[in-house]
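Below is start15.cif, holding mmCIF, C-alpha atoms.
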data_data
loop_
_atom_site.label_atom_id
_atom_site.label_comp_id
_atom_site.auth_asym_id
_atom_site.auth_seq_id
_atom_site.Cartn_x
_atom_site.Cartn_y
_atom_site.Cartn_z
CA MET A 579 83.85 -27.03 17.65
CA SER A 580 86.35 -24.24 17.00
CA PRO A 581 85.16 -20.60 17.27
CA ASN A 582 85.59 -20.16 13.50
CA LYS A 583 83.51 -23.25 12.71
CA CYS A 584 80.86 -21.99 15.15
CA LEU A 585 80.79 -18.61 13.42
CA ASN A 586 80.50 -20.27 10.01
CA LEU A 587 77.59 -22.43 11.20
CA LEU A 588 75.75 -19.42 12.62
CA LEU A 589 76.26 -17.56 9.32
CA MET A 590 74.73 -20.52 7.44
CA PHE A 591 71.60 -20.19 9.57
CA GLU A 592 71.47 -16.44 8.93
CA GLN A 593 71.04 -17.20 5.22
CA LEU A 594 68.25 -19.67 6.03
CA PHE A 595 66.53 -17.08 8.26
CA THR A 596 66.84 -14.41 5.56
CA SER A 597 65.06 -16.75 3.15
CA ILE A 598 62.33 -17.51 5.71
CA ALA A 599 61.94 -13.82 6.64
CA ARG A 600 60.83 -13.04 3.07
CA VAL A 601 57.65 -15.03 3.80
CA VAL A 602 57.00 -15.28 7.56
CA THR A 603 58.38 -13.80 10.81
CA LEU A 604 60.22 -15.98 13.33
CA THR A 605 60.79 -15.04 17.01
CA GLU A 606 64.28 -15.49 18.51
CA GLU A 607 62.97 -18.55 20.37
CA GLU A 608 61.68 -20.07 17.10
CA LYS A 609 65.03 -19.40 15.42
CA ALA A 610 66.78 -21.21 18.29
CA TYR A 611 64.43 -24.18 17.77
CA CYS A 612 65.24 -24.16 14.01
CA ARG A 613 68.98 -24.20 14.77
CA SER A 614 68.48 -27.34 16.88
CA ARG A 615 66.74 -29.20 14.01
CA PHE A 616 69.11 -28.78 11.04
CA VAL A 617 72.54 -30.36 10.53
CA PRO A 618 75.23 -28.90 8.24
CA LYS A 619 76.81 -30.88 5.38
CA LYS A 620 79.45 -30.17 2.75
CA LEU A 621 79.39 -31.77 -0.71
CA ARG A 622 82.28 -31.68 -3.14
CA LYS A 623 81.61 -31.04 -6.85
CA ARG A 624 80.19 -34.21 -8.48
CA GLN A 625 79.48 -35.83 -5.08
CA TYR A 626 76.07 -37.46 -4.73
CA LEU A 627 73.49 -36.46 -2.13
CA LEU A 628 70.98 -39.14 -3.21
CA GLN A 629 71.05 -42.05 -5.66
CA GLU A 630 68.10 -43.65 -7.46
CA GLY A 631 66.66 -46.45 -5.31
CA ASP A 632 67.66 -44.84 -2.00
CA VAL A 633 65.20 -43.17 0.36
CA CYS A 634 65.42 -39.37 0.39
CA LYS A 635 66.09 -38.91 4.11
CA TYR A 636 66.67 -35.15 4.10
CA THR A 637 65.17 -31.95 2.83
CA VAL A 638 68.13 -29.64 2.17
CA PHE A 639 68.62 -25.90 2.07
CA VAL A 640 71.48 -24.77 -0.18
CA GLU A 641 73.58 -22.22 1.69
CA LYS A 642 76.37 -22.23 -0.89
CA GLY A 643 76.91 -23.96 -4.24
CA LEU A 644 74.60 -25.61 -6.73
CA LEU A 645 72.74 -28.95 -6.75
CA ARG A 646 70.69 -30.74 -9.38
CA SER A 647 68.15 -33.59 -9.28
CA PHE A 648 67.68 -35.85 -12.31
CA ILE A 649 66.51 -39.22 -13.56
CA VAL A 650 68.42 -41.59 -15.83
CA ASP A 651 66.22 -43.32 -18.44
CA ASP A 652 66.59 -46.90 -19.80
CA LYS A 653 68.94 -45.67 -22.51
CA GLY A 654 71.22 -43.98 -19.98
CA ASN A 655 70.13 -40.43 -20.82
CA GLU A 656 69.91 -37.90 -17.99
CA HIS A 657 66.78 -35.75 -17.61
CA ILE A 658 67.15 -32.88 -15.15
CA LEU A 659 64.19 -32.11 -12.89
CA GLN A 660 65.59 -29.24 -10.90
CA PHE A 661 68.58 -27.09 -10.05
CA ALA A 662 69.04 -25.55 -6.60
CA PHE A 663 71.22 -22.48 -6.16
CA GLU A 664 71.99 -20.63 -2.90
CA GLY A 665 68.80 -19.97 -0.95
CA TRP A 666 66.85 -22.76 -2.69
CA TRP A 667 65.60 -26.06 -1.28
CA MET A 668 65.85 -29.59 -2.65
CA ALA A 669 64.19 -32.92 -1.80
CA ASP A 670 62.19 -35.72 -3.36
CA LEU A 671 59.14 -34.97 -1.22
CA TYR A 672 57.37 -38.24 -2.08
CA SER A 673 60.30 -40.35 -0.93
CA PHE A 674 60.92 -38.02 2.05
CA PHE A 675 57.39 -38.46 3.41
CA THR A 676 56.63 -42.07 2.43
CA GLU A 677 60.15 -43.52 2.86
CA GLU A 678 59.73 -45.21 -0.55
CA PRO A 679 62.85 -45.44 -2.77
CA SER A 680 63.37 -42.34 -4.91
CA PRO A 681 63.53 -42.43 -8.73
CA TYR A 682 65.87 -39.40 -8.62
CA HIS A 683 69.60 -38.82 -8.33
CA MET A 684 70.89 -35.63 -6.69
CA ASP A 685 74.45 -34.36 -6.96
CA ALA A 686 76.53 -31.22 -6.60
CA ILE A 687 77.48 -29.22 -9.70
CA GLU A 688 79.76 -27.02 -7.57
CA ASP A 689 81.30 -27.47 -4.09
CA SER A 690 78.28 -26.93 -1.86
CA GLU A 691 77.33 -26.26 1.76
CA LEU A 692 73.93 -27.42 2.95
CA LEU A 693 71.63 -27.38 5.95
CA MET A 694 69.72 -30.68 6.16
CA ILE A 695 66.62 -31.67 8.11
CA ASP A 696 65.24 -35.21 8.45
CA GLN A 697 61.55 -36.11 8.37
CA GLU A 698 61.02 -36.42 12.13
CA SER A 699 62.72 -33.09 12.78
CA TRP A 700 60.72 -31.52 9.95
CA GLU A 701 57.41 -32.70 11.46
CA ASN A 702 58.53 -31.47 14.90
CA LEU A 703 59.55 -28.15 13.42
CA LEU A 704 56.14 -27.66 11.79
CA ASN A 705 54.34 -28.60 15.01
CA GLN A 706 56.49 -26.32 17.20
CA VAL A 707 56.91 -23.38 14.82
CA THR A 708 53.51 -23.24 13.17
CA VAL A 709 54.35 -20.33 10.82
CA MET A 710 56.76 -22.72 9.09
CA GLU A 711 53.69 -24.55 7.74
CA ARG A 712 52.84 -21.33 5.88
CA TYR A 713 56.44 -20.87 4.76
CA PHE A 714 56.61 -24.34 3.24
CA ARG A 715 53.09 -24.06 1.74
CA ILE A 716 54.12 -20.90 -0.13
CA LEU A 717 57.49 -22.38 -1.15
CA ILE A 718 55.88 -25.57 -2.49
CA GLN A 719 53.14 -23.52 -4.16
CA ASN A 720 55.73 -21.42 -6.03
CA ASN A 721 57.52 -24.59 -7.08
CA LEU A 722 54.23 -26.06 -8.34
CA ILE A 723 53.42 -22.93 -10.37
CA ALA A 724 56.90 -22.99 -11.98
CA THR A 725 56.76 -26.74 -12.67
CA GLN A 726 53.31 -26.45 -14.28
CA ARG A 727 54.54 -23.66 -16.56
CA ARG A 728 57.64 -25.66 -17.46
CA LEU A 729 55.46 -28.69 -18.26
CA MET A 730 53.23 -26.62 -20.54
CA GLY A 731 56.34 -25.09 -22.15
CA THR A 732 57.79 -28.56 -22.78
CA MET A 733 54.62 -29.47 -24.65
CA SER A 734 54.05 -26.27 -26.61
CA GLU A 735 57.23 -24.22 -27.09
CA THR A 736 60.03 -24.35 -29.67
CA ALA A 737 63.66 -24.89 -28.59
CA GLU A 738 64.32 -21.18 -29.10
CA GLU A 739 61.33 -20.08 -26.99
CA LYS A 740 62.42 -22.40 -24.16
CA TYR A 741 65.98 -21.10 -24.22
CA ILE A 742 64.92 -17.43 -24.30
CA LYS A 743 62.60 -17.96 -21.30
CA LEU A 744 65.37 -19.62 -19.33
CA THR A 745 67.89 -16.84 -20.02
CA GLU A 746 65.30 -14.21 -19.07
CA ASN A 747 64.08 -15.91 -15.89
CA PHE A 748 67.38 -17.39 -14.69
CA PRO A 749 70.38 -15.57 -16.24
CA GLU A 750 72.56 -17.29 -13.59
CA PHE A 751 71.86 -20.69 -15.21
CA ILE A 752 73.76 -19.73 -18.32
CA GLN A 753 76.79 -18.57 -16.31
CA ARG A 754 77.05 -21.47 -13.89
CA VAL A 755 75.47 -24.57 -15.46
CA PRO A 756 77.39 -26.54 -18.15
CA GLN A 757 75.78 -26.46 -21.62
CA HIS A 758 75.00 -30.18 -21.73
CA MET A 759 73.01 -29.87 -18.49
CA ILE A 760 71.07 -26.87 -19.82
CA ALA A 761 70.21 -28.98 -22.88
CA SER A 762 69.07 -31.85 -20.65
CA TYR A 763 66.99 -29.48 -18.49
CA LEU A 764 65.30 -28.04 -21.59
CA GLY A 765 64.64 -31.52 -23.00
CA MET A 766 66.77 -31.08 -26.14
CA THR A 767 70.04 -32.50 -27.46
CA ARG A 768 73.33 -30.58 -27.15
CA GLU A 769 73.29 -30.13 -30.92
CA THR A 770 69.84 -28.50 -30.88
CA LEU A 771 70.89 -26.18 -28.05
CA SER A 772 74.06 -25.26 -29.89
CA ARG A 773 72.10 -24.57 -33.14
CA THR A 774 69.56 -22.51 -31.17
CA ARG A 775 72.31 -20.39 -29.61
CA SER A 776 74.08 -19.74 -32.95
CA HIS A 777 70.78 -18.88 -34.59
CA MET A 778 69.97 -16.37 -31.83
CA ALA A 779 73.48 -14.86 -32.00
CA GLN A 780 73.11 -14.44 -35.79
CA LYS A 781 69.74 -12.71 -35.38
CA LYS A 782 71.26 -10.37 -32.77
CA GLY A 783 74.24 -9.67 -35.04
CA GLY A 784 72.01 -8.93 -38.03
CA MET B 1447 16.28 -20.84 -0.59
CA SER B 1448 13.96 -23.87 -0.78
CA PRO B 1449 14.47 -26.73 1.74
CA ASN B 1450 15.66 -29.02 -1.06
CA LYS B 1451 18.22 -26.51 -2.29
CA CYS B 1452 19.40 -26.07 1.32
CA LEU B 1453 19.79 -29.83 1.71
CA ASN B 1454 21.72 -30.04 -1.57
CA LEU B 1455 24.07 -27.24 -0.49
CA LEU B 1456 24.74 -28.93 2.87
CA LEU B 1457 25.50 -32.22 1.07
CA MET B 1458 28.03 -30.40 -1.16
CA PHE B 1459 29.86 -29.26 1.95
CA GLU B 1460 29.83 -32.80 3.37
CA GLN B 1461 31.91 -33.92 0.38
CA LEU B 1462 34.35 -31.06 0.97
CA PHE B 1463 34.60 -31.97 4.66
CA THR B 1464 35.19 -35.65 3.81
CA SER B 1465 38.09 -34.59 1.59
CA ILE B 1466 39.52 -32.34 4.33
CA ALA B 1467 39.03 -35.04 7.03
CA ARG B 1468 41.47 -37.31 5.18
CA VAL B 1469 44.21 -34.85 6.08
CA VAL B 1470 43.21 -32.70 9.09
CA THR B 1471 40.42 -32.55 11.70
CA LEU B 1472 37.96 -29.65 11.74
CA THR B 1473 35.77 -28.71 14.74
CA GLU B 1474 32.05 -27.99 14.18
CA GLU B 1475 32.79 -24.30 14.63
CA GLU B 1476 35.52 -24.44 11.97
CA LYS B 1477 33.16 -26.25 9.58
CA ALA B 1478 30.59 -23.50 10.12
CA TYR B 1479 33.26 -20.93 9.26
CA CYS B 1480 34.14 -22.87 6.09
CA ARG B 1481 30.48 -22.91 5.04
CA SER B 1482 30.40 -19.12 5.31
CA ARG B 1483 33.40 -18.69 2.96
CA PHE B 1484 32.49 -20.84 -0.10
CA VAL B 1485 29.84 -20.14 -2.73
CA PRO B 1486 28.22 -22.86 -4.91
CA LYS B 1487 28.26 -22.75 -8.73
CA LYS B 1488 26.94 -24.97 -11.50
CA LEU B 1489 28.66 -25.29 -14.87
CA ARG B 1490 27.09 -26.91 -17.93
CA LYS B 1491 29.20 -29.20 -20.11
CA ARG B 1492 31.57 -27.12 -22.31
CA GLN B 1493 30.92 -23.98 -20.22
CA TYR B 1494 34.04 -21.95 -19.30
CA LEU B 1495 35.12 -21.22 -15.73
CA LEU B 1496 38.14 -19.15 -16.80
CA GLN B 1497 39.47 -17.85 -20.12
CA GLU B 1498 43.07 -17.00 -21.00
CA GLY B 1499 43.80 -13.37 -20.16
CA ASP B 1500 41.28 -13.25 -17.30
CA VAL B 1501 42.27 -13.20 -13.63
CA CYS B 1502 41.61 -16.50 -11.83
CA LYS B 1503 39.35 -15.14 -9.07
CA TYR B 1504 38.40 -18.45 -7.46
CA THR B 1505 39.92 -21.67 -6.22
CA VAL B 1506 37.27 -24.33 -6.84
CA PHE B 1507 36.43 -27.67 -5.26
CA VAL B 1508 34.69 -30.09 -7.65
CA GLU B 1509 31.71 -31.63 -5.87
CA LYS B 1510 30.34 -33.25 -9.02
CA GLY B 1511 31.49 -33.46 -12.65
CA LEU B 1512 34.80 -32.97 -14.35
CA LEU B 1513 36.88 -29.89 -15.22
CA ARG B 1514 40.05 -29.38 -17.21
CA SER B 1515 42.63 -26.58 -17.47
CA PHE B 1516 44.61 -26.06 -20.67
CA ILE B 1517 46.61 -23.64 -22.77
CA VAL B 1518 46.15 -22.93 -26.48
CA ASP B 1519 49.43 -22.45 -28.38
CA ASP B 1520 50.10 -20.09 -31.30
CA LYS B 1521 49.00 -22.75 -33.80
CA GLY B 1522 45.68 -23.26 -32.00
CA ASN B 1523 46.61 -26.60 -30.42
CA GLU B 1524 45.27 -27.34 -26.93
CA HIS B 1525 47.68 -28.65 -24.25
CA ILE B 1526 45.95 -29.95 -21.13
CA LEU B 1527 47.56 -29.13 -17.79
CA GLN B 1528 45.09 -30.82 -15.45
CA PHE B 1529 41.79 -32.61 -15.03
CA ALA B 1530 39.73 -32.29 -11.84
CA PHE B 1531 37.21 -34.99 -10.92
CA GLU B 1532 34.91 -35.08 -7.87
CA GLY B 1533 36.86 -34.30 -4.71
CA TRP B 1534 39.69 -32.51 -6.58
CA TRP B 1535 40.58 -28.82 -6.59
CA MET B 1536 41.37 -26.49 -9.48
CA ALA B 1537 42.88 -23.00 -9.77
CA ASP B 1538 45.67 -21.10 -11.48
CA LEU B 1539 47.40 -20.33 -8.18
CA TYR B 1540 49.74 -17.73 -9.70
CA SER B 1541 46.88 -15.69 -11.11
CA PHE B 1542 44.77 -16.31 -7.98
CA PHE B 1543 47.41 -14.82 -5.64
CA THR B 1544 48.92 -12.12 -7.86
CA GLU B 1545 45.76 -11.07 -9.75
CA GLU B 1546 47.82 -11.25 -12.97
CA PRO B 1547 45.99 -12.51 -16.11
CA SER B 1548 46.06 -16.30 -16.42
CA PRO B 1549 47.58 -18.14 -19.43
CA TYR B 1550 45.06 -20.97 -18.86
CA HIS B 1551 41.54 -21.77 -19.94
CA MET B 1552 39.30 -23.87 -17.66
CA ASP B 1553 36.08 -25.53 -18.77
CA ALA B 1554 33.68 -28.31 -17.82
CA ILE B 1555 33.92 -31.68 -19.61
CA GLU B 1556 30.70 -32.82 -17.88
CA ASP B 1557 27.88 -30.90 -16.14
CA SER B 1558 29.58 -29.90 -12.88
CA GLU B 1559 28.79 -28.58 -9.40
CA LEU B 1560 31.49 -26.57 -7.62
CA LEU B 1561 32.25 -24.84 -4.35
CA MET B 1562 34.25 -21.67 -5.00
CA ILE B 1563 36.32 -19.49 -2.68
CA ASP B 1564 37.84 -16.11 -3.58
CA GLN B 1565 41.28 -14.91 -2.52
CA GLU B 1566 40.18 -12.73 0.39
CA SER B 1567 37.98 -15.51 1.81
CA TRP B 1568 40.81 -17.99 1.32
CA GLU B 1569 43.25 -15.82 3.28
CA ASN B 1570 40.64 -15.32 6.02
CA LEU B 1571 39.96 -19.05 6.12
CA LEU B 1572 43.65 -19.85 6.58
CA ASN B 1573 43.99 -17.23 9.31
CA GLN B 1574 40.86 -18.38 11.18
CA VAL B 1575 41.13 -22.14 10.64
CA THR B 1576 44.89 -22.67 10.91
CA VAL B 1577 44.82 -26.43 10.22
CA MET B 1578 43.68 -25.52 6.67
CA GLU B 1579 47.22 -24.22 6.08
CA ARG B 1580 48.41 -27.80 6.63
CA TYR B 1581 45.59 -29.19 4.45
CA PHE B 1582 46.51 -26.97 1.51
CA ARG B 1583 50.26 -27.52 2.03
CA ILE B 1584 49.77 -31.30 1.72
CA LEU B 1585 47.37 -30.94 -1.23
CA ILE B 1586 49.76 -28.65 -3.12
CA GLN B 1587 52.68 -30.90 -2.20
CA ASN B 1588 50.92 -33.95 -3.70
CA ASN B 1589 50.13 -31.96 -6.82
CA LEU B 1590 53.80 -30.90 -7.09
CA ILE B 1591 55.00 -34.52 -6.73
CA ALA B 1592 52.59 -35.68 -9.47
CA THR B 1593 53.46 -32.75 -11.79
CA GLN B 1594 57.21 -33.39 -11.39
CA ARG B 1595 56.75 -37.07 -12.26
CA ARG B 1596 54.61 -36.16 -15.25
CA LEU B 1597 57.25 -33.68 -16.45
CA MET B 1598 59.98 -36.32 -16.19
CA GLY B 1599 57.70 -38.79 -17.99
CA THR B 1600 57.08 -36.28 -20.79
CA MET B 1601 60.83 -36.03 -21.31
CA SER B 1602 61.81 -39.70 -20.97
CA GLU B 1603 58.89 -42.07 -21.69
CA THR B 1604 57.53 -43.55 -24.91
CA ALA B 1605 53.86 -43.00 -25.89
CA GLU B 1606 53.05 -46.54 -24.73
CA GLU B 1607 54.68 -46.08 -21.31
CA LYS B 1608 52.80 -42.82 -20.80
CA TYR B 1609 49.47 -44.40 -21.71
CA ILE B 1610 50.01 -47.46 -19.49
CA LYS B 1611 50.89 -45.26 -16.50
CA LEU B 1612 47.75 -43.21 -17.03
CA THR B 1613 45.45 -46.24 -17.24
CA GLU B 1614 47.05 -47.72 -14.12
CA ASN B 1615 47.00 -44.56 -12.01
CA PHE B 1616 43.71 -43.10 -13.25
CA PRO B 1617 41.46 -45.78 -14.82
CA GLU B 1618 38.57 -43.28 -14.59
CA PHE B 1619 40.31 -41.05 -17.16
CA ILE B 1620 39.83 -43.62 -19.89
CA GLN B 1621 36.12 -44.00 -19.10
CA ARG B 1622 35.19 -40.37 -18.80
CA VAL B 1623 37.63 -38.27 -20.83
CA PRO B 1624 37.30 -38.11 -24.65
CA GLN B 1625 40.21 -39.69 -26.57
CA HIS B 1626 41.39 -36.44 -28.16
CA MET B 1627 41.75 -34.88 -24.69
CA ILE B 1628 43.72 -37.87 -23.39
CA ALA B 1629 46.04 -37.47 -26.39
CA SER B 1630 46.44 -33.75 -25.62
CA TYR B 1631 47.11 -34.50 -21.91
CA LEU B 1632 49.78 -37.04 -22.83
CA GLY B 1633 51.39 -34.65 -25.33
CA MET B 1634 50.77 -36.82 -28.40
CA THR B 1635 48.59 -36.64 -31.52
CA ARG B 1636 45.28 -38.55 -31.75
CA GLU B 1637 46.88 -40.77 -34.37
CA THR B 1638 49.76 -41.72 -32.06
CA LEU B 1639 47.33 -42.46 -29.22
CA SER B 1640 45.18 -44.56 -31.54
CA ARG B 1641 48.22 -46.51 -32.81
CA THR B 1642 49.44 -47.02 -29.22
CA ARG B 1643 46.04 -48.42 -28.16
CA SER B 1644 45.82 -50.82 -31.15
CA HIS B 1645 49.38 -51.95 -30.54
CA MET B 1646 48.61 -52.66 -26.88
CA ALA B 1647 45.37 -54.49 -27.79
CA GLN B 1648 47.28 -56.64 -30.30
CA LYS B 1649 49.91 -57.54 -27.69
CA LYS B 1650 47.14 -58.42 -25.19
CA GLY B 1651 45.37 -60.51 -27.86
CA GLY B 1652 48.61 -62.33 -28.74
#
Kindly return the structure encoded in the file as structure tokens.
Amino acid sequence: MSPNKCLNLLLMFEQLFTSIARVVTLTEEEKAYCRSRFVPKKLRKRQYLLQEGDVCKYTVFVEKGLLRSFIVDDKGNEHILQFAFEGWWMADLYSFFTEEPSPYHMDAIEDSELLMIDQESWENLLNQVTVMERYFRILIQNNLIATQRRLMGTMSETAEEKYIKLTENFPEFIQRVPQHMIASYLGMTRETLSRTRSHMAQKKGG
Amino acid sequence: MSPNKCLNLLLMFEQLFTSIARVVTLTEEEKAYCRSRFVPKKLRKRQYLLQEGDVCKYTVFVEKGLLRSFIVDDKGNEHILQFAFEGWWMADLYSFFTEEPSPYHMDAIEDSELLMIDQESWENLLNQVTVMERYFRILIQNNLIATQRRLMGTMSETAEEKYIKLTENFPEFIQRVPQHMIASYLGMTRETLSRTRSHMAQKKGG
């Protein structure tokens, strides 16, 4: 590996360690063990990381770029489960742990750089670096809390309420994610999203 | 405490330990520590464990009975987030950890017996009995997987598909949960649920 590639790889891990350091403290030895367990990967925009029916072999950390996971229903409509920006994780945990085929697709919305860990390495990591158990518990817990609130929102909120919440909680979404994907994530048609946005702009103007 | 009450309390913990033993192994010393951290509580049918706007002070393990958590929207409609049968856990984790008011109500659908742990005891338990970190990580992970699938189902499935999945995955629901609560859980009106059931019965009959 060239010195520049080496430097780039080390910088990718620094972003991972910054994310981990917000929750737990790793020793230098534990960081070295982490470095030995992840492999880097680049994805071009629109390239797939996982396709429905395949086993999700990796849990990935997004160092750069933007991923999404989604299902495609019988009518061919996409329903987006999650986006993952820099510093976020993505996996179908059920498929990852059971090795059953996944119902989800995952692809890159922008050119992306990832750190990936397979199941065996993940188990080894948690056994060797026990604070990582806490890190992942808290990460998964935060994801559960957000998913529960989104589920309740899906069942009880109007299109406008959903859109306002999204822009307040994740202003980056609106900048970086195409409108038709925002509509799919919010569970509404493009037309409804477009009407909602004009209506809000009118209210602001008046 | 009378000998019979003592025996009853010890039996409650046996059910908790059976649930934990499916995931991790506790030593006798660790079990003793667990016993010192939980407090028992009985709830009568329809009694509240938590009301919207209150802080969720306890994570509870259901030893007997059936709980639900739900939100009430601006129009007064109930939307059910979760049920918890024997051997399941319930909490609003966000409120539990942050001490912010909860958006959820929790009440008992049947007379219930619970083991409750507060936040300080929970943190102490995880520090003292480190395998419990793994236990809760796996528990929360399974809850996340189920909640993600339910969210995708809410966005992509017909009423009939939703109802069939529920009866297949949780046949107990249909026996023990009133119809109007099943409708609320599935995000449909009572009338839609009733039509779906008749339609399915007709197909079965034909």
Per residue of chain A within 7 Å of chain B, note the shortest atom pair and the distance in Å to one decimal, counting all atoms listed in the file, and order the rows by chain and increasing residue number, as a tab-separated table.
residue	atom	partner	partner_atom	distance
A:Asp651	CA	B:Ser1602	CA	6.2
A:His657	CA	B:Met1598	CA	7.0
A:Leu659	CA	B:Met1598	CA	6.8
A:Leu671	CA	B:Ile1591	CA	6.9
A:Tyr672	CA	B:Ile1591	CA	6.4
A:Glu711	CA	B:Arg1580	CA	6.3
A:Arg712	CA	B:Glu1579	CA	6.3
A:Arg715	CA	B:Arg1583	CA	4.5
A:Ile718	CA	B:Gln1587	CA	6.2
A:Gln719	CA	B:Ile1586	CA	6.2
A:Leu722	CA	B:Leu1590	CA	5.0
A:Ile723	CA	B:Tyr1540	CA	6.4
A:Thr725	CA	B:Gln1594	CA	6.8
A:Gln726	CA	B:Thr1593	CA	6.8
A:Leu729	CA	B:Leu1597	CA	5.6
A:Met730	CA	B:Leu1527	CA	6.8
A:Met733	CA	B:Gly1633	CA	6.1
A:Ser734	CA	B:Asp1519	CA	6.3
A:Gly765	CA	B:Met1601	CA	6.1
Taking all atoms of stretch 773-776 of chain A that the file lists, what box with edges along x, y and z, padded by 4 Å per side, do you get, with centre and edge lengths in Å to one decimal, as lines of an AutoDock Vina configuration file?
center_x = 71.8
center_y = -22.2
center_z = -31.4
size_x = 12.5
size_y = 12.8
size_z = 11.5
* Go through A:Ala779, A:Val707, A:Ile687, A:Leu594 and flag the residue nearest A:Pro618, using all atoms listed in the file for the distances. =>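 Comparing A:Ala779, A:Val707, A:Ile687, A:Leu594 against A:Pro618, the winner is A:Leu594.
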* Residues within 10 Å of B:Glu1460, all atoms listed in the file, excluding chain neighbours under 6 positions, as a list in words -> Asn1454, Ile1466, Lys1477 and Glu1509 of chain B
* Asked: Expanded to explicit residues, what is the PyMOL selection byres ((chain B and resi 1558-1564) around 6) for this file, as a list in words?
  ->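 Output from the PyMOL selection byres ((chain B and resi 1558-1564) around 6), applied to this file: Phe1484, Val1485, Pro1486, Lys1487, Lys1488, Leu1489, Lys1503, Tyr1504, Thr1505, Val1506, Phe1507, Val1508, Glu1509, Lys1510, Gly1511, Glu1556, Asp1557, Gln1565, Glu1566 and Ser1567 of chain B.
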* Kindly resolve the PyMOL selection byres ((chain A and resi 760) around 12) on the present coordinates and return the residues as number ranges by chain. => A: 646, 656-661, 737, 740-741, 744-745, 748-759, 761-772, 775
For the residues selected in the previous step, produce a file with C-alpha atoms as a PDB file, in the frame of the given file.
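To be explicit, this is the file written out as selection19.pdb:
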ATOM      1  CA  ARG A 646      70.690 -30.740  -9.380  1.00  0.00           C
ATOM      2  CA  GLU A 656      69.910 -37.900 -17.990  1.00  0.00           C
ATOM      3  CA  HIS A 657      66.780 -35.750 -17.610  1.00  0.00           C
ATOM      4  CA  ILE A 658      67.150 -32.880 -15.150  1.00  0.00           C
ATOM      5  CA  LEU A 659      64.190 -32.110 -12.890  1.00  0.00           C
ATOM      6  CA  GLN A 660      65.590 -29.240 -10.900  1.00  0.00           C
ATOM      7  CA  PHE A 661      68.580 -27.090 -10.050  1.00  0.00           C
ATOM      8  CA  ALA A 737      63.660 -24.890 -28.590  1.00  0.00           C
ATOM      9  CA  LYS A 740      62.420 -22.400 -24.160  1.00  0.00           C
ATOM     10  CA  TYR A 741      65.980 -21.100 -24.220  1.00  0.00           C
ATOM     11  CA  LEU A 744      65.370 -19.620 -19.330  1.00  0.00           C
ATOM     12  CA  THR A 745      67.890 -16.840 -20.020  1.00  0.00           C
ATOM     13  CA  PHE A 748      67.380 -17.390 -14.690  1.00  0.00           C
ATOM     14  CA  PRO A 749      70.380 -15.570 -16.240  1.00  0.00           C
ATOM     15  CA  GLU A 750      72.560 -17.290 -13.590  1.00  0.00           C
ATOM     16  CA  PHE A 751      71.860 -20.690 -15.210  1.00  0.00           C
ATOM     17  CA  ILE A 752      73.760 -19.730 -18.320  1.00  0.00           C
ATOM     18  CA  GLN A 753      76.790 -18.570 -16.310  1.00  0.00           C
ATOM     19  CA  ARG A 754      77.050 -21.470 -13.890  1.00  0.00           C
ATOM     20  CA  VAL A 755      75.470 -24.570 -15.460  1.00  0.00           C
ATOM     21  CA  PRO A 756      77.390 -26.540 -18.150  1.00  0.00           C
ATOM     22  CA  GLN A 757      75.780 -26.460 -21.620  1.00  0.00           C
ATOM     23  CA  HIS A 758      75.000 -30.180 -21.730  1.00  0.00           C
ATOM     24  CA  MET A 759      73.010 -29.870 -18.490  1.00  0.00           C
ATOM     25  CA  ALA A 761      70.210 -28.980 -22.880  1.00  0.00           C
ATOM     26  CA  SER A 762      69.070 -31.850 -20.650  1.00  0.00           C
ATOM     27  CA  TYR A 763      66.990 -29.480 -18.490  1.00  0.00           C
ATOM     28  CA  LEU A 764      65.300 -28.040 -21.590  1.00  0.00           C
ATOM     29  CA  GLY A 765      64.640 -31.520 -23.000  1.00  0.00           C
ATOM     30  CA  MET A 766      66.770 -31.080 -26.140  1.00  0.00           C
ATOM     31  CA  THR A 767      70.040 -32.500 -27.460  1.00  0.00           C
ATOM     32  CA  ARG A 768      73.330 -30.580 -27.150  1.00  0.00           C
ATOM     33  CA  GLU A 769      73.290 -30.130 -30.920  1.00  0.00           C
ATOM     34  CA  THR A 770      69.840 -28.500 -30.880  1.00  0.00           C
ATOM     35  CA  LEU A 771      70.890 -26.180 -28.050  1.00  0.00           C
ATOM     36  CA  SER A 772      74.060 -25.260 -29.890  1.00  0.00           C
ATOM     37  CA  ARG A 775      72.310 -20.390 -29.610  1.00  0.00           C
TER      38      ARG A 775
END
If we count only C-alpha atoms and set the cut-off at 9 Å, which residues sit around A:Leu627, ignoring sequence neighbours fewer than 5 positions away in its own chain? Please answer as a PDB file with C-alpha atoms, in the coordinates of the input.
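Wrote selection.pdb, looks like this:
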ATOM      1  CA  LEU A 621      79.390 -31.770  -0.710  1.00  0.00           C
ATOM      2  CA  CYS A 634      65.420 -39.370   0.390  1.00  0.00           C
ATOM      3  CA  LEU A 645      72.740 -28.950  -6.750  1.00  0.00           C
ATOM      4  CA  HIS A 683      69.600 -38.820  -8.330  1.00  0.00           C
ATOM      5  CA  MET A 684      70.890 -35.630  -6.690  1.00  0.00           C
ATOM      6  CA  ASP A 685      74.450 -34.360  -6.960  1.00  0.00           C
ATOM      7  CA  ALA A 686      76.530 -31.220  -6.600  1.00  0.00           C
TER       8      ALA A 686
END
* Name the residues that the PyMOL selection byres ((chain B and resi 1548) around 6) picks from the file above, as a ChimeraX atom specification, using the file's chain letters and numbers. => /B:1498-1501,1541,1547,1549-1550
Print the selection's residues with C-alpha atoms to a file, as a short mmCIF file (atom, residue, chain, number, x, y, z; two decimals), keeping the file's coordinate frame.
data_model
loop_
_atom_site.label_atom_id
_atom_site.label_comp_id
_atom_site.auth_asym_id
_atom_site.auth_seq_id
_atom_site.Cartn_x
_atom_site.Cartn_y
_atom_site.Cartn_z
CA GLU B 1498 43.07 -17.00 -21.00
CA GLY B 1499 43.80 -13.37 -20.16
CA ASP B 1500 41.28 -13.25 -17.30
CA VAL B 1501 42.27 -13.20 -13.63
CA SER B 1541 46.88 -15.69 -11.11
CA PRO B 1547 45.99 -12.51 -16.11
CA PRO B 1549 47.58 -18.14 -19.43
CA TYR B 1550 45.06 -20.97 -18.86
#
